[in-house]
Amino acid sequence: MAKSALLKSSIAKKYWMALTGLFLCLFLTGHLAGNLQLLIPDNASAFNQYALFMTTNPAVKVLSYLTYISIIFHAIDGIMLAIQNKKARPIAYAKNNPSGNSSFASRNMAVLGTVILIFIVTHMVTFWAKMHFDKNMPLQTLSVTDEASGMKQDFYITTGTGQDKFLPVNQVDGKNLVIEGNKIFIVKPIKVEFAQGYKDLYKITLDFFRDAKYGLIYTLLYVLAMLALGFHLWHGFASAFQSLGLNNPKFNAGIKIFGRAFSVLVPLLFAIIPLYIHFSK
Amino acid sequence: MSAAKNINITLKIWRQKNADSKGNIETYKLDNVSTASSFLEMLDQLNEQLINERKEPVAFDHDCREGICGMCSLYINGRAHGPETGTTTCQLHMRKFNDGDTIFIEPWRSKAFPVVKDLVVDRSAFDRIQQAGGFVSVNTSGNTIDANSIPIPKDDADKAFMAAACIGCGACVASCKNGSAMLFVGAKVSQYALLPQGKVEATQRVQNMVRQMDEEGFGNCTNTGACEVECPKGISLENIARMNREYLKSSF
Ligand code: HEM
Ligand code: SF4
Ligand code: FES
């Protein structure tokens, strides 16, 4: 066959949409597992550790590049398909009743996808770019009160070495701090090594959704984007299997049910996080 | 079934002089339409009225008028072949409409199906897709083997037969929001791919038919499933998936 057919033919474009779309579903699952750690009441350490892991781990690096490529390819291919499809019907029907034969989500994949794309770009500007490039990104701090003296001081948490994973950058009178759970103990003086600090993505996230002026709007826009994602997957998940030719009466019902559960559950859990953050302040 | 009665209706019909002219929707009042008549008979009645008024009758496609040839078309009130599912327009009856109804009648809308006149569209794009690969090459020089001498599993034979039920009407293209012909092509690819006689040329067939389909300017399937709902012959989306599998297999 022509060398370009695996990119250009109508059916090949569908394979790519389906493969990238399903890969993005895997990405969503991983991303959700990470985000849910925002809800763990542990002074941000689980979430910030996760954020560091996500920006430094080599395996994650490979996956993240695959994800960037998938999103770009999926979006470009999807928009190209939508433009071609518009051209295939130059004159619209004067009276059309498409709800008689197809679902809302299935007819609006490109619009829903575009909403998701706008969301992804703004999302990356507010969180991803800060995490990767912002030199002035705050490091995770803890406010510690020494019960004996009543002295209050902020500490940076660092990765440290060995077992004492959380060592402060600042020393207080040559004493060292160890954190267990939410408690901070002052222990024998030892030399404090400087290590990479946890960038405080947790604080960035909380500040964003609790912003006095725009926090509510940001939260609602986030929820709206998740609604679009839900509709996109309501149709998209099972549709991807059909595109790949995986249509078998034995499995169709299962794929559809799983897809619909996925399309409700994943965006819902994503949306609960900013809602909780905003309304729990 | 209740006895036939007569109804009065308003028709909004796409009129277009020829392929090059710009068309528009015209409104006609038609009285005393028997609910026992078919939709096409209703249009015959309108045309009689128009001829009596010395006006140009409405051109529309039809042939067998018994739901087997695929010639009739029409986008009626926003649905291909009208509000019923599993029927062609010739099998649609006026008892599905009420006195005082306004009925929109438009041609199939697709770049690949240009309007010839009024409600008649040129569906030869389907013929060209068929010619690109919708056949099996058989030696007809006197030693043709009887097709039934090759054993075929019942399940495969049934599925091939169900795919072959496609009458090439184009309702799938007309109702698809993308103007995609994949249900038609999927059916035509499947009807051969499932049979041993068709397997020989399977690779070339699916490649050539899909290439021709793309060249004709049909859109891309997004699996909305509208075609399956509107297809008068109940062709299943399974056939599109089979075509996608065949295409993948033939690409390597
Ligand atoms: C995390 C984000 C996303 C996920 C998980 C996702 C997932 C999917 C899936 C599974 C499909 C079904 C593929 C098929 O029918 O074969 C799909 C289709 C589609 N997606 Fe996305 N998508 C995402 C983002 C986007 C974005 C940013 C766009 C940008 C415009 C987009 C546009 C489309 C379009 C137009 C289709 C329909 C294509 C077709 O069926 O031909 N999607 N998506
Ligand atoms: S698949 Fe159905 S709707 Fe499409 S051309 Fe064949 S019979 Fe008509
Ligand atoms: S006229 Fe033959 S199918 Fe309708």
# chains A, B, ... in the order shown; residues from 1 in each chain; ligands from 1
call {"tool": "interface_residues", "arguments": {"of": "chain A", "to": "chain B", "cutoff": "6 Å", "atoms": "only C-alpha atoms", "output": "list in words"}}
result
Ser10, Asn85, Ala88, Arg89, Lys95, Asn96, Asn97, Asn101, Ser102, Ser106, Gln242, Gly245 and Asn247 of chain A
call {"tool": "residues_near_ligand", "arguments": {"ligand": "ligand 3", "cutoff": "7 Å", "atoms": "only C-alpha atoms and all ligand atoms", "output": "PyMOL selection string"}}
result
chain B and resi 62-72+88-91
call {"tool": "residues_around", "arguments": {"residues": "Ala157 (chain B)", "least_positions_apart": "3", "cutoff": "9 Å", "atoms": "only C-alpha atoms", "output": "MDAnalysis selection string"}}
result
chainID B and resid 152:154 160:162 191 194:195
call {"tool": "write_last_selection", "arguments": {"atoms": "C-alpha atoms", "output": "PDB file, in the first residue's frame"}}
result
ATOM      1  CA  ILE B 152     -18.921 -22.572   4.476  1.00  0.00           C
ATOM      2  CA  PRO B 153     -19.690 -22.459   8.226  1.00  0.00           C
ATOM      3  CA  LYS B 154     -23.329 -21.533   8.787  1.00  0.00           C
ATOM      4  CA  ALA B 160     -22.166 -12.596   4.864  1.00  0.00           C
ATOM      5  CA  PHE B 161     -25.787 -12.780   3.823  1.00  0.00           C
ATOM      6  CA  MET B 162     -26.806 -10.144   6.344  1.00  0.00           C
ATOM      7  CA  GLN B 191     -19.940  -9.752   2.487  1.00  0.00           C
ATOM      8  CA  LEU B 194     -16.481 -13.671   5.348  1.00  0.00           C
ATOM      9  CA  LEU B 195     -16.567 -16.138   2.465  1.00  0.00           C
TER      10      LEU B 195
END
call {"tool": "atom_distance", "arguments": {"atom1": "atom 24 (C, counted along the ligand's line) of ligand 1", "atom2": "CA of Thr122 (chain A)"}}
result
14.0 Å
call {"tool": "atom_distance", "arguments": {"atom1": "CA of Phe241 (chain A)", "atom2": "atom 9 (C, counted along the ligand's line) of ligand 1"}}
result
9.4 Å
call {"tool": "atom_distance", "arguments": {"atom1": "CA of Gly86 (chain B)", "atom2": "CA of Ala3 (chain B)"}}
result
23.9 Å
call {"tool": "closest_atom_pairs", "arguments": {"of": "chain A", "to": "ligand 1", "cutoff": "9 Å", "atoms": "only C-alpha atoms and all ligand atoms", "output": "JSON lines"}}
result
{"residue": "A:Ser10", "atom": "CA", "partner": "ligand 1", "partner_atom_place_in_ligand_line": "41 (O)", "distance": 8.8}
{"residue": "A:Lys13", "atom": "CA", "partner": "ligand 1", "partner_atom_place_in_ligand_line": "41 (O)", "distance": 7.4}
{"residue": "A:Lys14", "atom": "CA", "partner": "ligand 1", "partner_atom_place_in_ligand_line": "16 (O)", "distance": 5.3}
{"residue": "A:Tyr15", "atom": "CA", "partner": "ligand 1", "partner_atom_place_in_ligand_line": "16 (O)", "distance": 6.3}
{"residue": "A:Trp16", "atom": "CA", "partner": "ligand 1", "partner_atom_place_in_ligand_line": "16 (O)", "distance": 7.5}
{"residue": "A:Met17", "atom": "CA", "partner": "ligand 1", "partner_atom_place_in_ligand_line": "13 (C)", "distance": 4.8}
{"residue": "A:Ala18", "atom": "CA", "partner": "ligand 1", "partner_atom_place_in_ligand_line": "16 (O)", "distance": 3.6}
{"residue": "A:Leu19", "atom": "CA", "partner": "ligand 1", "partner_atom_place_in_ligand_line": "13 (C)", "distance": 7.4}
{"residue": "A:Thr20", "atom": "CA", "partner": "ligand 1", "partner_atom_place_in_ligand_line": "7 (C)", "distance": 7.2}
{"residue": "A:Gly21", "atom": "CA", "partner": "ligand 1", "partner_atom_place_in_ligand_line": "7 (C)", "distance": 3.6}
{"residue": "A:Leu22", "atom": "CA", "partner": "ligand 1", "partner_atom_place_in_ligand_line": "10 (C)", "distance": 4.9}
{"residue": "A:Phe23", "atom": "CA", "partner": "ligand 1", "partner_atom_place_in_ligand_line": "5 (C)", "distance": 7.3}
{"residue": "A:Leu24", "atom": "CA", "partner": "ligand 1", "partner_atom_place_in_ligand_line": "5 (C)", "distance": 4.3}
{"residue": "A:Cys25", "atom": "CA", "partner": "ligand 1", "partner_atom_place_in_ligand_line": "5 (C)", "distance": 4.4}
{"residue": "A:Leu26", "atom": "CA", "partner": "ligand 1", "partner_atom_place_in_ligand_line": "5 (C)", "distance": 7.9}
{"residue": "A:Phe27", "atom": "CA", "partner": "ligand 1", "partner_atom_place_in_ligand_line": "1 (C)", "distance": 7.5}
{"residue": "A:Leu28", "atom": "CA", "partner": "ligand 1", "partner_atom_place_in_ligand_line": "1 (C)", "distance": 6.3}
{"residue": "A:Ile71", "atom": "CA", "partner": "ligand 1", "partner_atom_place_in_ligand_line": "27 (C)", "distance": 6.1}
{"residue": "A:Ile72", "atom": "CA", "partner": "ligand 1", "partner_atom_place_in_ligand_line": "27 (C)", "distance": 7.6}
{"residue": "A:His74", "atom": "CA", "partner": "ligand 1", "partner_atom_place_in_ligand_line": "31 (C)", "distance": 5.9}
{"residue": "A:Ala75", "atom": "CA", "partner": "ligand 1", "partner_atom_place_in_ligand_line": "29 (C)", "distance": 3.7}
{"residue": "A:Ile76", "atom": "CA", "partner": "ligand 1", "partner_atom_place_in_ligand_line": "30 (C)", "distance": 6.8}
{"residue": "A:Asp77", "atom": "CA", "partner": "ligand 1", "partner_atom_place_in_ligand_line": "35 (C)", "distance": 7.5}
{"residue": "A:Gly78", "atom": "CA", "partner": "ligand 1", "partner_atom_place_in_ligand_line": "35 (C)", "distance": 3.8}
{"residue": "A:Ile79", "atom": "CA", "partner": "ligand 1", "partner_atom_place_in_ligand_line": "30 (C)", "distance": 5.5}
{"residue": "A:Met80", "atom": "CA", "partner": "ligand 1", "partner_atom_place_in_ligand_line": "35 (C)", "distance": 8.2}
{"residue": "A:Leu81", "atom": "CA", "partner": "ligand 1", "partner_atom_place_in_ligand_line": "41 (O)", "distance": 6.2}
{"residue": "A:Ala82", "atom": "CA", "partner": "ligand 1", "partner_atom_place_in_ligand_line": "35 (C)", "distance": 6.0}
{"residue": "A:Ser106", "atom": "CA", "partner": "ligand 1", "partner_atom_place_in_ligand_line": "37 (C)", "distance": 8.1}
{"residue": "A:Arg107", "atom": "CA", "partner": "ligand 1", "partner_atom_place_in_ligand_line": "37 (C)", "distance": 8.9}
{"residue": "A:Asn108", "atom": "CA", "partner": "ligand 1", "partner_atom_place_in_ligand_line": "35 (C)", "distance": 8.0}
{"residue": "A:Met109", "atom": "CA", "partner": "ligand 1", "partner_atom_place_in_ligand_line": "34 (C)", "distance": 4.8}
{"residue": "A:Ala110", "atom": "CA", "partner": "ligand 1", "partner_atom_place_in_ligand_line": "35 (C)", "distance": 3.6}
{"residue": "A:Val111", "atom": "CA", "partner": "ligand 1", "partner_atom_place_in_ligand_line": "30 (C)", "distance": 7.0}
{"residue": "A:Leu112", "atom": "CA", "partner": "ligand 1", "partner_atom_place_in_ligand_line": "31 (C)", "distance": 7.0}
{"residue": "A:Gly113", "atom": "CA", "partner": "ligand 1", "partner_atom_place_in_ligand_line": "28 (C)", "distance": 3.5}
{"residue": "A:Thr114", "atom": "CA", "partner": "ligand 1", "partner_atom_place_in_ligand_line": "30 (C)", "distance": 4.1}
{"residue": "A:Val115", "atom": "CA", "partner": "ligand 1", "partner_atom_place_in_ligand_line": "27 (C)", "distance": 7.3}
{"residue": "A:Ile116", "atom": "CA", "partner": "ligand 1", "partner_atom_place_in_ligand_line": "27 (C)", "distance": 4.9}
{"residue": "A:Leu117", "atom": "CA", "partner": "ligand 1", "partner_atom_place_in_ligand_line": "27 (C)", "distance": 3.7}
{"residue": "A:Ile118", "atom": "CA", "partner": "ligand 1", "partner_atom_place_in_ligand_line": "27 (C)", "distance": 7.5}
{"residue": "A:Phe119", "atom": "CA", "partner": "ligand 1", "partner_atom_place_in_ligand_line": "27 (C)", "distance": 8.3}
{"residue": "A:Ile120", "atom": "CA", "partner": "ligand 1", "partner_atom_place_in_ligand_line": "27 (C)", "distance": 7.2}
{"residue": "A:Leu229", "atom": "CA", "partner": "ligand 1", "partner_atom_place_in_ligand_line": "2 (C)", "distance": 6.9}
{"residue": "A:His232", "atom": "CA", "partner": "ligand 1", "partner_atom_place_in_ligand_line": "43 (N)", "distance": 6.3}
{"residue": "A:Leu233", "atom": "CA", "partner": "ligand 1", "partner_atom_place_in_ligand_line": "7 (C)", "distance": 6.0}
{"residue": "A:Trp234", "atom": "CA", "partner": "ligand 1", "partner_atom_place_in_ligand_line": "10 (C)", "distance": 8.9}
{"residue": "A:His235", "atom": "CA", "partner": "ligand 1", "partner_atom_place_in_ligand_line": "12 (C)", "distance": 7.1}
{"residue": "A:Gly236", "atom": "CA", "partner": "ligand 1", "partner_atom_place_in_ligand_line": "12 (C)", "distance": 3.6}
{"residue": "A:Phe237", "atom": "CA", "partner": "ligand 1", "partner_atom_place_in_ligand_line": "10 (C)", "distance": 4.3}
{"residue": "A:Ala238", "atom": "CA", "partner": "ligand 1", "partner_atom_place_in_ligand_line": "10 (C)", "distance": 7.3}
{"residue": "A:Ser239", "atom": "CA", "partner": "ligand 1", "partner_atom_place_in_ligand_line": "15 (O)", "distance": 4.2}
{"residue": "A:Ala240", "atom": "CA", "partner": "ligand 1", "partner_atom_place_in_ligand_line": "16 (O)", "distance": 3.5}
{"residue": "A:Phe241", "atom": "CA", "partner": "ligand 1", "partner_atom_place_in_ligand_line": "16 (O)", "distance": 6.8}
{"residue": "A:Gln242", "atom": "CA", "partner": "ligand 1", "partner_atom_place_in_ligand_line": "16 (O)", "distance": 6.9}
{"residue": "A:Ser243", "atom": "CA", "partner": "ligand 1", "partner_atom_place_in_ligand_line": "16 (O)", "distance": 4.6}
{"residue": "A:Leu244", "atom": "CA", "partner": "ligand 1", "partner_atom_place_in_ligand_line": "16 (O)", "distance": 7.1}
call {"tool": "residues_near_ligand", "arguments": {"ligand": "ligand 2", "cutoff": "7 Å", "atoms": "only C-alpha atoms and all ligand atoms", "output": "PDB file with N, CA, C and O atoms, in the first residue's frame"}}
result
ATOM      1  N   GLY B  70     -33.391  -0.086  -3.402  1.00  0.00           N
ATOM      2  CA  GLY B  70     -32.517   0.957  -2.858  1.00  0.00           C
ATOM      3  C   GLY B  70     -32.565   2.255  -3.632  1.00  0.00           C
ATOM      4  O   GLY B  70     -31.786   3.166  -3.377  1.00  0.00           O
ATOM      5  N   ALA B 165     -27.276  -7.882   2.387  1.00  0.00           N
ATOM      6  CA  ALA B 165     -28.632  -7.329   2.305  1.00  0.00           C
ATOM      7  C   ALA B 165     -28.627  -5.840   2.003  1.00  0.00           C
ATOM      8  O   ALA B 165     -29.654  -5.259   1.669  1.00  0.00           O
ATOM      9  N   CYS B 166     -27.461  -5.188   2.109  1.00  0.00           N
ATOM     10  CA  CYS B 166     -27.364  -3.750   1.808  1.00  0.00           C
ATOM     11  C   CYS B 166     -27.830  -3.489   0.380  1.00  0.00           C
ATOM     12  O   CYS B 166     -27.401  -4.156  -0.556  1.00  0.00           O
ATOM     13  N   ILE B 167     -28.741  -2.515   0.246  1.00  0.00           N
ATOM     14  CA  ILE B 167     -29.294  -2.202  -1.077  1.00  0.00           C
ATOM     15  C   ILE B 167     -28.679  -0.935  -1.676  1.00  0.00           C
ATOM     16  O   ILE B 167     -29.153  -0.441  -2.692  1.00  0.00           O
ATOM     17  N   GLY B 168     -27.644  -0.425  -1.020  1.00  0.00           N
ATOM     18  CA  GLY B 168     -26.926   0.724  -1.593  1.00  0.00           C
ATOM     19  C   GLY B 168     -27.764   1.987  -1.700  1.00  0.00           C
ATOM     20  O   GLY B 168     -27.571   2.802  -2.603  1.00  0.00           O
ATOM     21  N   CYS B 169     -28.684   2.179  -0.749  1.00  0.00           N
ATOM     22  CA  CYS B 169     -29.591   3.324  -0.844  1.00  0.00           C
ATOM     23  C   CYS B 169     -28.915   4.636  -0.467  1.00  0.00           C
ATOM     24  O   CYS B 169     -29.307   5.704  -0.925  1.00  0.00           O
ATOM     25  N   GLY B 170     -27.916   4.557   0.419  1.00  0.00           N
ATOM     26  CA  GLY B 170     -27.218   5.781   0.831  1.00  0.00           C
ATOM     27  C   GLY B 170     -27.794   6.461   2.058  1.00  0.00           C
ATOM     28  O   GLY B 170     -27.354   7.557   2.424  1.00  0.00           O
ATOM     29  N   ALA B 171     -28.766   5.822   2.711  1.00  0.00           N
ATOM     30  CA  ALA B 171     -29.347   6.430   3.916  1.00  0.00           C
ATOM     31  C   ALA B 171     -28.291   6.588   5.011  1.00  0.00           C
ATOM     32  O   ALA B 171     -28.346   7.522   5.817  1.00  0.00           O
ATOM     33  N   CYS B 172     -27.331   5.668   5.016  1.00  0.00           N
ATOM     34  CA  CYS B 172     -26.258   5.746   6.014  1.00  0.00           C
ATOM     35  C   CYS B 172     -25.468   7.038   5.840  1.00  0.00           C
ATOM     36  O   CYS B 172     -25.189   7.743   6.804  1.00  0.00           O
ATOM     37  N   VAL B 173     -25.124   7.362   4.597  1.00  0.00           N
ATOM     38  CA  VAL B 173     -24.380   8.587   4.317  1.00  0.00           C
ATOM     39  C   VAL B 173     -25.234   9.803   4.670  1.00  0.00           C
ATOM     40  O   VAL B 173     -24.775  10.753   5.305  1.00  0.00           O
ATOM     41  N   LEU B 183     -20.666   2.470   6.608  1.00  0.00           N
ATOM     42  CA  LEU B 183     -21.574   1.329   6.790  1.00  0.00           C
ATOM     43  C   LEU B 183     -21.745   0.596   5.462  1.00  0.00           C
ATOM     44  O   LEU B 183     -21.671  -0.628   5.397  1.00  0.00           O
ATOM     45  N   PHE B 184     -21.934   1.360   4.408  1.00  0.00           N
ATOM     46  CA  PHE B 184     -22.047   0.772   3.070  1.00  0.00           C
ATOM     47  C   PHE B 184     -20.782   0.000   2.712  1.00  0.00           C
ATOM     48  O   PHE B 184     -20.835  -1.189   2.372  1.00  0.00           O
ATOM     49  N   ALA B 187     -20.243  -3.061   4.814  1.00  0.00           N
ATOM     50  CA  ALA B 187     -21.109  -4.181   4.409  1.00  0.00           C
ATOM     51  C   ALA B 187     -20.542  -4.860   3.175  1.00  0.00           C
ATOM     52  O   ALA B 187     -20.478  -6.096   3.093  1.00  0.00           O
ATOM     53  N   CYS B 227     -26.103   5.635  11.312  1.00  0.00           N
ATOM     54  CA  CYS B 227     -26.310   4.839  10.094  1.00  0.00           C
ATOM     55  C   CYS B 227     -27.033   3.538  10.403  1.00  0.00           C
ATOM     56  O   CYS B 227     -27.980   3.143   9.725  1.00  0.00           O
ATOM     57  N   GLU B 230     -30.667   4.129  11.029  1.00  0.00           N
ATOM     58  CA  GLU B 230     -31.480   4.539   9.883  1.00  0.00           C
ATOM     59  C   GLU B 230     -31.431   3.561   8.716  1.00  0.00           C
ATOM     60  O   GLU B 230     -32.236   3.662   7.797  1.00  0.00           O
ATOM     61  N   CYS B 231     -30.501   2.620   8.723  1.00  0.00           N
ATOM     62  CA  CYS B 231     -30.373   1.687   7.597  1.00  0.00           C
ATOM     63  C   CYS B 231     -31.643   0.862   7.456  1.00  0.00           C
ATOM     64  O   CYS B 231     -32.066   0.207   8.397  1.00  0.00           O
ATOM     65  N   PRO B 232     -32.268   0.896   6.284  1.00  0.00           N
ATOM     66  CA  PRO B 232     -33.518   0.139   6.114  1.00  0.00           C
ATOM     67  C   PRO B 232     -33.299  -1.375   6.177  1.00  0.00           C
ATOM     68  O   PRO B 232     -34.251  -2.125   6.362  1.00  0.00           O
ATOM     69  N   LYS B 233     -32.058  -1.810   6.012  1.00  0.00           N
ATOM     70  CA  LYS B 233     -31.792  -3.251   5.984  1.00  0.00           C
ATOM     71  C   LYS B 233     -31.114  -3.736   7.262  1.00  0.00           C
ATOM     72  O   LYS B 233     -30.626  -4.869   7.330  1.00  0.00           O
ATOM     73  N   GLY B 234     -31.032  -2.886   8.263  1.00  0.00           N
ATOM     74  CA  GLY B 234     -30.475  -3.302   9.550  1.00  0.00           C
ATOM     75  C   GLY B 234     -29.025  -3.753   9.488  1.00  0.00           C
ATOM     76  O   GLY B 234     -28.595  -4.627  10.248  1.00  0.00           O
ATOM     77  N   ILE B 235     -28.244  -3.132   8.593  1.00  0.00           N
ATOM     78  CA  ILE B 235     -26.817  -3.479   8.523  1.00  0.00           C
ATOM     79  C   ILE B 235     -26.152  -3.042   9.842  1.00  0.00           C
ATOM     80  O   ILE B 235     -26.326  -1.915  10.287  1.00  0.00           O
TER      81      ILE B 235
END
call {"tool": "residues_around", "arguments": {"residues": "Asn98 (chain B)", "least_positions_apart": "2", "cutoff": "12 Å", "atoms": "only C-alpha atoms", "output": "ChimeraX atom specification"}}
result
/B:4-10,32-35,93-96,100-103
